[in-house]
file entry.cif (mmCIF, C-alpha atoms and all ligand atoms)
data_coords
loop_
_atom_site.label_atom_id
_atom_site.label_comp_id
_atom_site.auth_asym_id
_atom_site.auth_seq_id
_atom_site.Cartn_x
_atom_site.Cartn_y
_atom_site.Cartn_z
CA MET A 25 4.04 15.44 -19.61
CA LYS A 26 4.45 14.59 -15.94
CA LYS A 27 4.35 10.96 -14.88
CA TYR A 28 1.63 10.03 -12.37
CA VAL A 29 1.95 7.64 -9.45
CA PHE A 30 -1.35 6.12 -8.27
CA ILE A 31 -1.17 5.54 -4.50
CA THR A 32 -3.89 3.66 -2.61
CA GLY A 33 -4.16 4.30 1.13
CA ALA A 34 -2.62 7.77 0.84
CA SER A 35 -4.55 9.28 3.76
CA SER A 36 -2.11 7.90 6.35
CA GLY A 37 1.08 5.95 7.04
CA PHE A 38 3.15 4.56 4.16
CA GLY A 39 0.87 5.95 1.44
CA GLU A 40 1.05 9.48 2.81
CA ALA A 41 4.84 9.24 3.16
CA CYS A 42 5.06 8.02 -0.47
CA ALA A 43 3.04 11.04 -1.59
CA HIS A 44 5.68 13.32 -0.03
CA ILE A 45 8.65 11.51 -1.59
CA PHE A 46 7.16 11.18 -5.07
CA ALA A 47 6.01 14.82 -5.11
CA LYS A 48 9.49 15.94 -4.03
CA ASN A 49 10.89 13.95 -6.96
CA GLY A 50 8.61 15.62 -9.50
CA PHE A 51 5.85 13.04 -9.91
CA SER A 52 2.21 14.01 -10.15
CA LEU A 53 -0.09 12.07 -7.86
CA VAL A 54 -3.42 10.29 -7.72
CA LEU A 55 -4.18 9.89 -4.02
CA VAL A 56 -6.77 7.26 -3.05
CA ALA A 57 -8.55 6.58 0.27
CA ARG A 58 -11.97 6.69 1.89
CA ARG A 59 -11.13 9.71 4.10
CA VAL A 60 -11.06 12.31 1.34
CA ASP A 61 -10.73 15.17 3.88
CA LYS A 62 -7.30 13.77 4.83
CA LEU A 63 -6.33 13.54 1.16
CA GLU A 64 -7.38 17.16 0.58
CA GLN A 65 -5.25 18.28 3.57
CA LEU A 66 -2.30 16.34 2.16
CA LYS A 67 -2.86 17.92 -1.23
CA VAL A 68 -2.70 21.40 0.29
CA SER A 69 0.55 20.55 2.08
CA LEU A 70 2.15 19.25 -1.14
CA GLN A 71 0.80 21.62 -3.72
CA ASN A 72 3.28 23.63 -5.73
CA ASP A 73 3.46 24.77 -9.33
CA THR A 74 5.14 21.68 -10.66
CA VAL A 75 3.06 18.84 -9.16
CA ASN A 76 -0.50 17.94 -10.13
CA ILE A 77 -2.50 16.19 -7.44
CA HIS A 78 -5.83 14.41 -7.89
CA CYS A 79 -7.70 13.12 -4.82
CA LEU A 80 -9.96 10.11 -5.29
CA GLU A 81 -12.44 9.19 -2.55
CA LEU A 82 -12.71 5.45 -3.02
CA ASP A 83 -13.40 2.29 -1.05
CA ILE A 84 -11.28 -0.25 -2.92
CA ARG A 85 -13.56 -3.10 -1.71
CA ASN A 86 -16.28 -1.91 -4.07
CA GLU A 87 -15.47 -3.30 -7.52
CA LYS A 88 -17.99 -1.15 -9.41
CA GLU A 89 -16.80 1.99 -7.66
CA VAL A 90 -13.17 1.12 -8.43
CA ILE A 91 -13.83 0.61 -12.14
CA GLN A 92 -16.03 3.68 -12.43
CA SER A 93 -13.74 6.09 -10.57
CA ILE A 94 -10.61 4.97 -12.39
CA ASN A 95 -12.23 5.05 -15.81
CA SER A 96 -13.69 8.51 -15.06
CA LEU A 97 -10.29 10.04 -14.38
CA PRO A 98 -9.33 12.72 -16.94
CA GLU A 99 -7.54 11.19 -19.97
CA ILE A 100 -4.43 13.24 -19.26
CA ILE A 101 -4.13 11.53 -15.85
CA LYS A 102 -5.10 7.98 -16.81
CA ASN A 103 -2.80 7.92 -19.80
CA ASN A 104 0.18 9.05 -17.77
CA ILE A 105 0.07 6.63 -14.84
CA HIS A 106 3.49 4.98 -14.69
CA ILE A 107 3.49 3.55 -11.16
CA LEU A 108 0.77 1.86 -9.09
CA ILE A 109 1.42 1.50 -5.36
CA ASN A 110 -1.03 -1.05 -3.94
CA ASN A 111 -0.67 0.04 -0.33
CA ALA A 112 -4.22 0.35 1.10
CA GLY A 113 -4.78 -2.41 3.60
CA LEU A 114 -5.42 -3.27 7.20
CA ALA A 115 -5.44 -5.80 10.00
CA VAL A 116 -8.61 -6.04 12.09
CA GLY A 117 -8.38 -7.91 15.39
CA ARG A 118 -5.82 -10.36 16.67
CA SER A 119 -7.89 -13.27 17.94
CA SER A 120 -7.42 -16.98 17.51
CA ILE A 121 -9.61 -18.43 14.77
CA GLU A 122 -12.30 -19.87 17.05
CA ASN A 123 -12.76 -16.52 18.85
CA ALA A 124 -12.60 -14.22 15.84
CA VAL A 125 -15.32 -11.90 14.56
CA THR A 126 -16.00 -13.08 11.03
CA ASP A 127 -16.74 -9.53 9.84
CA ASP A 128 -13.09 -8.71 10.67
CA TRP A 129 -12.06 -11.49 8.25
CA GLU A 130 -14.32 -10.09 5.53
CA ARG A 131 -12.83 -6.62 5.90
CA MET A 132 -9.26 -7.92 5.61
CA ILE A 133 -9.92 -10.29 2.72
CA ASP A 134 -12.04 -7.74 0.84
CA THR A 135 -9.49 -4.94 1.24
CA ASN A 136 -6.08 -6.63 1.20
CA ILE A 137 -6.78 -9.19 -1.53
CA LYS A 138 -9.89 -8.34 -3.53
CA GLY A 139 -9.42 -4.54 -3.39
CA LEU A 140 -5.81 -4.86 -4.51
CA LEU A 141 -6.93 -7.05 -7.42
CA TYR A 142 -9.76 -4.70 -8.51
CA VAL A 143 -7.43 -1.69 -8.53
CA SER A 144 -4.69 -3.60 -10.37
CA LYS A 145 -7.08 -4.85 -13.07
CA ALA A 146 -8.37 -1.33 -13.65
CA ILE A 147 -4.92 0.33 -13.77
CA ILE A 148 -2.91 -2.25 -15.76
CA PRO A 149 -4.34 -1.18 -19.17
CA PHE A 150 -2.92 2.31 -18.55
CA LEU A 151 0.47 0.99 -17.40
CA LYS A 152 0.66 -0.95 -20.68
CA LEU A 153 0.67 2.33 -22.62
CA HIS A 154 4.28 3.04 -21.61
CA GLU A 155 7.65 1.34 -21.46
CA SER A 156 9.00 0.30 -18.08
CA THR A 157 6.07 0.92 -15.75
CA GLN A 158 5.74 -0.61 -12.29
CA ILE A 159 3.43 -2.08 -9.65
CA VAL A 160 4.52 -2.04 -6.02
CA ASN A 161 2.50 -4.33 -3.75
CA ILE A 162 2.71 -3.76 0.00
CA SER A 163 2.71 -7.15 1.66
CA SER A 164 4.27 -7.62 5.12
CA ILE A 165 6.53 -9.81 7.23
CA ALA A 166 3.08 -11.34 7.86
CA GLY A 167 3.20 -12.42 4.22
CA LYS A 168 6.39 -14.41 4.89
CA GLU A 169 5.66 -15.82 8.35
CA VAL A 170 2.65 -16.42 10.58
CA TYR A 171 2.22 -15.52 14.25
CA PRO A 172 -0.33 -16.18 17.02
CA GLY A 173 -3.61 -14.41 16.30
CA GLY A 174 -2.33 -13.30 12.88
CA ASN A 175 -4.22 -16.05 11.01
CA VAL A 176 -6.38 -14.24 8.42
CA TYR A 177 -4.23 -11.09 8.23
CA CYS A 178 -1.18 -13.30 7.58
CA ALA A 179 -3.16 -15.25 4.97
CA THR A 180 -4.10 -12.04 3.13
CA LYS A 181 -0.49 -10.87 3.10
CA HIS A 182 0.74 -14.30 1.93
CA ALA A 183 -1.81 -13.84 -0.86
CA VAL A 184 -0.29 -10.45 -1.73
CA ASP A 185 3.16 -12.08 -1.84
CA ALA A 186 1.82 -14.77 -4.20
CA LEU A 187 0.01 -12.20 -6.35
CA SER A 188 3.25 -10.22 -6.73
CA LYS A 189 4.91 -13.34 -8.15
CA ALA A 190 1.90 -14.08 -10.35
CA MET A 191 1.69 -10.51 -11.67
CA ARG A 192 5.39 -10.60 -12.53
CA ILE A 193 4.76 -13.63 -14.73
CA ASP A 194 1.54 -12.30 -16.31
CA LEU A 195 2.97 -8.84 -17.02
CA VAL A 196 6.59 -9.53 -18.00
CA SER A 197 5.79 -9.33 -21.72
CA HIS A 198 4.47 -5.78 -21.20
CA GLY A 199 7.66 -4.66 -19.47
CA ILE A 200 5.75 -3.98 -16.24
CA LYS A 201 7.98 -4.39 -13.19
CA VAL A 202 6.38 -5.89 -10.08
CA THR A 203 7.90 -5.37 -6.64
CA ASN A 204 6.75 -6.88 -3.37
CA ILE A 205 7.55 -4.93 -0.18
CA ALA A 206 7.37 -6.75 3.16
CA PRO A 207 7.80 -4.44 6.16
CA GLY A 208 8.03 -5.48 9.79
CA ALA A 209 6.54 -3.39 12.59
CA ALA A 210 6.02 0.23 11.57
CA GLU A 211 4.42 2.91 13.71
CA THR A 212 1.46 4.27 11.71
CA GLU A 213 -2.30 4.13 12.26
CA PHE A 214 -2.04 0.38 11.57
CA SER A 215 -2.33 -0.82 15.20
CA LEU A 216 -5.00 1.74 16.07
CA VAL A 217 -7.11 0.27 13.26
CA ARG A 218 -6.23 -3.31 14.22
CA PHE A 219 -7.27 -2.76 17.85
CA LYS A 220 -10.38 -0.77 16.85
CA GLY A 221 -9.39 2.56 18.37
CA ASP A 222 -7.87 1.19 21.62
CA VAL A 223 -5.01 3.70 21.88
CA GLN A 224 -3.29 2.03 24.84
CA THR A 225 -3.10 -1.41 23.22
CA ALA A 226 -2.07 0.14 19.91
CA ASN A 227 0.75 2.15 21.52
CA SER A 228 1.96 -0.87 23.51
CA VAL A 229 2.85 -2.61 20.23
CA TYR A 230 5.69 -0.10 19.77
CA ASP A 231 6.86 0.11 23.39
CA GLY A 232 10.50 -0.70 24.17
CA PHE A 233 11.99 -0.70 20.68
CA GLU A 234 12.43 1.60 17.72
CA ALA A 235 9.81 0.70 15.14
CA LEU A 236 10.08 1.59 11.45
CA LEU A 237 8.63 4.95 10.49
CA ALA A 238 6.39 5.41 7.46
CA ASN A 239 9.18 7.33 5.74
CA ASP A 240 11.59 4.36 6.07
CA VAL A 241 9.20 2.26 3.99
CA ALA A 242 8.47 5.08 1.53
CA GLU A 243 12.22 5.48 0.93
CA ALA A 244 12.47 1.77 0.07
CA ILE A 245 9.54 2.22 -2.34
CA TRP A 246 11.23 5.22 -3.92
CA PHE A 247 14.45 3.19 -4.28
CA VAL A 248 12.76 0.32 -6.12
CA THR A 249 10.87 2.66 -8.44
CA SER A 250 13.91 4.74 -9.36
CA ARG A 251 16.13 1.92 -10.70
CA PRO A 252 17.13 1.89 -14.39
CA ALA A 253 14.63 0.38 -16.87
CA HIS A 254 16.46 -2.95 -17.13
CA VAL A 255 16.55 -3.51 -13.33
CA THR A 256 13.67 -4.87 -11.23
CA ILE A 257 13.87 -5.36 -7.48
CA ASN A 258 11.47 -8.26 -6.94
CA ASP A 259 11.21 -8.30 -3.19
CA ILE A 260 12.30 -6.29 -0.18
CA THR A 261 11.87 -7.32 3.46
CA ILE A 262 12.44 -4.26 5.62
CA MET A 263 12.52 -4.64 9.38
CA PRO A 264 13.20 -2.60 12.50
CA THR A 265 16.70 -3.54 13.66
CA ALA A 266 15.20 -4.81 16.92
CA GLN A 267 12.86 -7.24 15.11
CA ALA A 268 14.47 -10.53 14.04
CA SER A 269 11.30 -12.22 12.80
CA ALA A 270 7.52 -11.78 12.96
CA THR A 271 7.56 -12.97 16.57
CA ILE A 272 11.03 -12.11 17.89
CA LEU A 273 11.33 -8.53 19.04
CA TYR A 274 14.15 -7.37 21.28
CA LYS A 275 12.38 -4.95 23.64
CA LYS A 276 14.29 -2.97 26.27
P1 LIG B 301 -2.41 3.03 8.02
O1 LIG B 301 -3.59 2.53 8.80
O2 LIG B 301 -1.68 4.21 8.54
O3 LIG B 301 -2.85 3.31 6.51
C1 LIG B 301 -3.71 2.45 5.83
C2 LIG B 301 -4.27 3.17 4.61
O4 LIG B 301 -5.14 2.27 3.89
C3 LIG B 301 -5.10 4.39 4.97
O5 LIG B 301 -4.77 5.44 4.09
C4 LIG B 301 -6.54 3.94 4.73
O6 LIG B 301 -7.32 5.04 4.29
C5 LIG B 301 -6.34 2.97 3.57
N1 LIG B 301 -7.44 2.03 3.43
C6 LIG B 301 -7.84 1.06 4.29
N2 LIG B 301 -8.94 0.46 3.83
C7 LIG B 301 -9.25 1.04 2.64
C8 LIG B 301 -10.30 0.86 1.69
N3 LIG B 301 -11.25 -0.07 1.86
N4 LIG B 301 -10.30 1.64 0.58
C9 LIG B 301 -9.36 2.58 0.40
N5 LIG B 301 -8.34 2.80 1.26
C10 LIG B 301 -8.31 2.06 2.38
O7 LIG B 301 -1.44 1.77 7.89
P2 LIG B 301 -0.01 1.59 7.17
O8 LIG B 301 0.41 2.78 6.42
O9 LIG B 301 0.88 1.00 8.18
O10 LIG B 301 -0.42 0.41 6.18
C11 LIG B 301 -0.25 0.46 4.79
C12 LIG B 301 -0.08 -0.95 4.27
O11 LIG B 301 1.09 -1.52 4.85
C13 LIG B 301 -1.22 -1.91 4.64
O12 LIG B 301 -1.47 -2.74 3.52
C14 LIG B 301 -0.66 -2.73 5.80
O13 LIG B 301 -1.23 -3.99 5.88
C15 LIG B 301 0.80 -2.80 5.40
N6 LIG B 301 1.77 -3.05 6.45
C16 LIG B 301 1.82 -2.28 7.60
C17 LIG B 301 2.79 -2.53 8.54
C18 LIG B 301 2.85 -1.78 9.84
O14 LIG B 301 3.42 -2.31 10.81
N7 LIG B 301 2.34 -0.55 9.91
C19 LIG B 301 3.82 -3.53 8.35
C20 LIG B 301 3.69 -4.29 7.12
C21 LIG B 301 2.71 -4.01 6.21
P3 LIG B 301 -8.83 5.35 4.72
O15 LIG B 301 -9.05 4.79 6.10
O16 LIG B 301 -8.90 6.85 4.65
O17 LIG B 301 -9.64 4.69 3.66
C1 LIG B 302 2.07 -5.53 9.86
C2 LIG B 302 3.21 -6.11 10.60
O1 LIG B 302 3.92 -8.01 12.17
O2 LIG B 302 1.91 -6.75 12.75
O3 LIG B 302 1.89 -6.15 8.64
O4 LIG B 302 1.87 -8.31 10.96
S1 LIG B 302 2.69 -7.35 11.67
#
call {"tool": "encode", "arguments": {"input": "entry.cif", "output": "structure tokens"}}
result
Amino acid sequence: MKKYVFITGASSGFGEACAHIFAKNGFSLVLVARRVDKLEQLKVSLQNDTVNIHCLELDIRNEKEVIQSINSLPEIIKNNIHILINNAGLAVGRSSIENAVTDDWERMIDTNIKGLLYVSKAIIPFLKLHESTQIVNISSIAGKEVYPGGNVYCATKHAVDALSKAMRIDLVSHGIKVTNIAPGAAETEFSLVRFKGDVQTANSVYDGFEALLANDVAEAIWFVTSRPAHVTINDITIMPTAQASATILYKK
């Protein structure tokens, strides 16, 4: 029976790149996002005789929907999930606290923290069915440092970093590995979402240096999930070479 990897935020960026790498390496996939049309397109591009792909239209902020959609998956899928990649997430806005739109805070907290928790709680019982399963949480350099205007986004990613440590403790007796991945600047739809569709501002984030690509992060995720059973990589910080810290970027 093929092993499944459950990838949240597979309609774009890191999640989509993970779908390609895991399919190439023989995993079957559960692909999760709100934009199911994008997932279906991805499915068509990946489909071959050896890989099973299940698309799940899901807003991870909705606890009931998360529980219901995961529990309604066919038994053959649920019972063969070996890896959960908690990747879905976003930044919205980059204002100082007194100028921020509070709805932006709700979206980040509800997605990056609460959504990650709902999905994890629903998937962990299935991971427990097997030896040596794994959760990969996508945090950020923003989960290690803070920067101007990063306030709530940084707080949510610090929470992901803390939850990775907490999950490792709670799940060690079940042999579930937990890995925290903290990327620096990567060129995906991330900035377009953060700046609410302002293409010029989004593009300017990546001007003058070579940002990470989604595939660079997906390769790191593949590396940590393909170690032998007795080896866990706890934490990876992966940066563009031109980025020394959250705030220090060498731009030409
Ligand atoms: P993208 O915007 O390209 O992808 C984000 C993904 O998350 C999309 O597939 C989106 O799908 C999904 N998503 C967002 N909200 C929800 C929701 N409520 N329910 C389900 N899915 C949702 O960004 P990245 O690939 O760059 O980001 C992936 C992760 O990496 C995020 O957690 C981000 O914070 C983190 N990160 C990004 C960095 C960067 O510089 N790009 C650096 C460090 C970390 P849809 O809209 O279809 O629902
Ligand atoms: C995304 C990277 O530096 O914009 O998590 O916060 S950063």
call {"tool": "closest_atom_pairs", "arguments": {"input": "entry.cif", "of": "chain A", "to": "ligand LIG 301 (chain B)", "cutoff": "6 Å", "atoms": "only C-alpha atoms and all ligand atoms", "output": "tab-separated table"}}
result
residue	atom	partner	partner_atom	distance
A:Thr32	CA	B:LIG301	N5	6.0
A:Gly33	CA	B:LIG301	O5	3.2
A:Ala34	CA	B:LIG301	O5	4.5
A:Ser35	CA	B:LIG301	O5	3.9
A:Ser36	CA	B:LIG301	O5	4.3
A:Gly37	CA	B:LIG301	O8	3.3
A:Phe38	CA	B:LIG301	O8	4.0
A:Gly39	CA	B:LIG301	O8	5.9
A:Ala57	CA	B:LIG301	N5	3.9
A:Arg58	CA	B:LIG301	O17	3.5
A:Arg59	CA	B:LIG301	O16	3.7
A:Leu82	CA	B:LIG301	C9	5.6
A:Asp83	CA	B:LIG301	N4	3.6
A:Ile84	CA	B:LIG301	N4	4.1
A:Arg85	CA	B:LIG301	N3	5.2
A:Asn111	CA	B:LIG301	C12	4.7
A:Ala112	CA	B:LIG301	O4	3.5
A:Gly113	CA	B:LIG301	O12	3.3
A:Leu114	CA	B:LIG301	O13	4.5
A:Thr135	CA	B:LIG301	N3	5.2
A:Ile162	CA	B:LIG301	O12	5.6
A:Ser163	CA	B:LIG301	C21	5.5
A:Ser164	CA	B:LIG301	C20	3.9
A:Ala206	CA	B:LIG301	C20	5.9
A:Pro207	CA	B:LIG301	C20	4.2
A:Gly208	CA	B:LIG301	C19	4.9
A:Ala209	CA	B:LIG301	O14	3.8
A:Ala210	CA	B:LIG301	O14	3.7
A:Glu211	CA	B:LIG301	N7	5.5
A:Thr212	CA	B:LIG301	O2	4.5
A:Glu213	CA	B:LIG301	O2	3.8
A:Phe214	CA	B:LIG301	O1	3.8
call {"tool": "closest_residue", "arguments": {"input": "entry.cif", "among": "A:Met263, A:Ala235, A:Ile107, A:Ala47", "to": "Lys275 of chain A", "atoms": "all atoms listed in the file"}}
result
A:Ala235
call {"tool": "atom_distance", "arguments": {"input": "entry.cif", "atom1": "atom CA of Ile245 of chain A", "atom2": "atom CA of Val29 of chain A"}}
result
11.7 Å
call {"tool": "residues_around", "arguments": {"input": "entry.cif", "residues": "Ile260 of chain A", "least_positions_apart": "5", "cutoff": "9 Å", "atoms": "all atoms listed in the file", "output": "VMD selection string"}}
result
chain A and resid 203 to 207 244 248
call {"tool": "atom_distance", "arguments": {"input": "entry.cif", "atom1": "atom CA of Leu63 of chain A", "atom2": "atom CA of Glu89 of chain A"}}
result
17.9 Å
call {"tool": "residues_around", "arguments": {"input": "entry.cif", "residues": "Ala166 of chain A", "least_positions_apart": "5", "cutoff": "7 Å", "atoms": "only C-alpha atoms", "output": "list in words"}}
result
Cys178, Lys181 and Ala270 of chain A
call {"tool": "residues_around", "arguments": {"input": "entry.cif", "residues": "Leu80 of chain A", "least_positions_apart": "2", "cutoff": "8 Å", "atoms": "only C-alpha atoms", "output": "list in words"}}
result
Val54, Leu55, Val56, Ala57, Val60, His78, Leu82 and Ser93 of chain A
call {"tool": "residues_around", "arguments": {"input": "entry.cif", "residues": "Val255 of chain A", "least_positions_apart": "2", "cutoff": "12 Å", "atoms": "only C-alpha atoms", "output": "number ranges by chain"}}
result
A: 156-158, 199-203, 247-253, 257-258
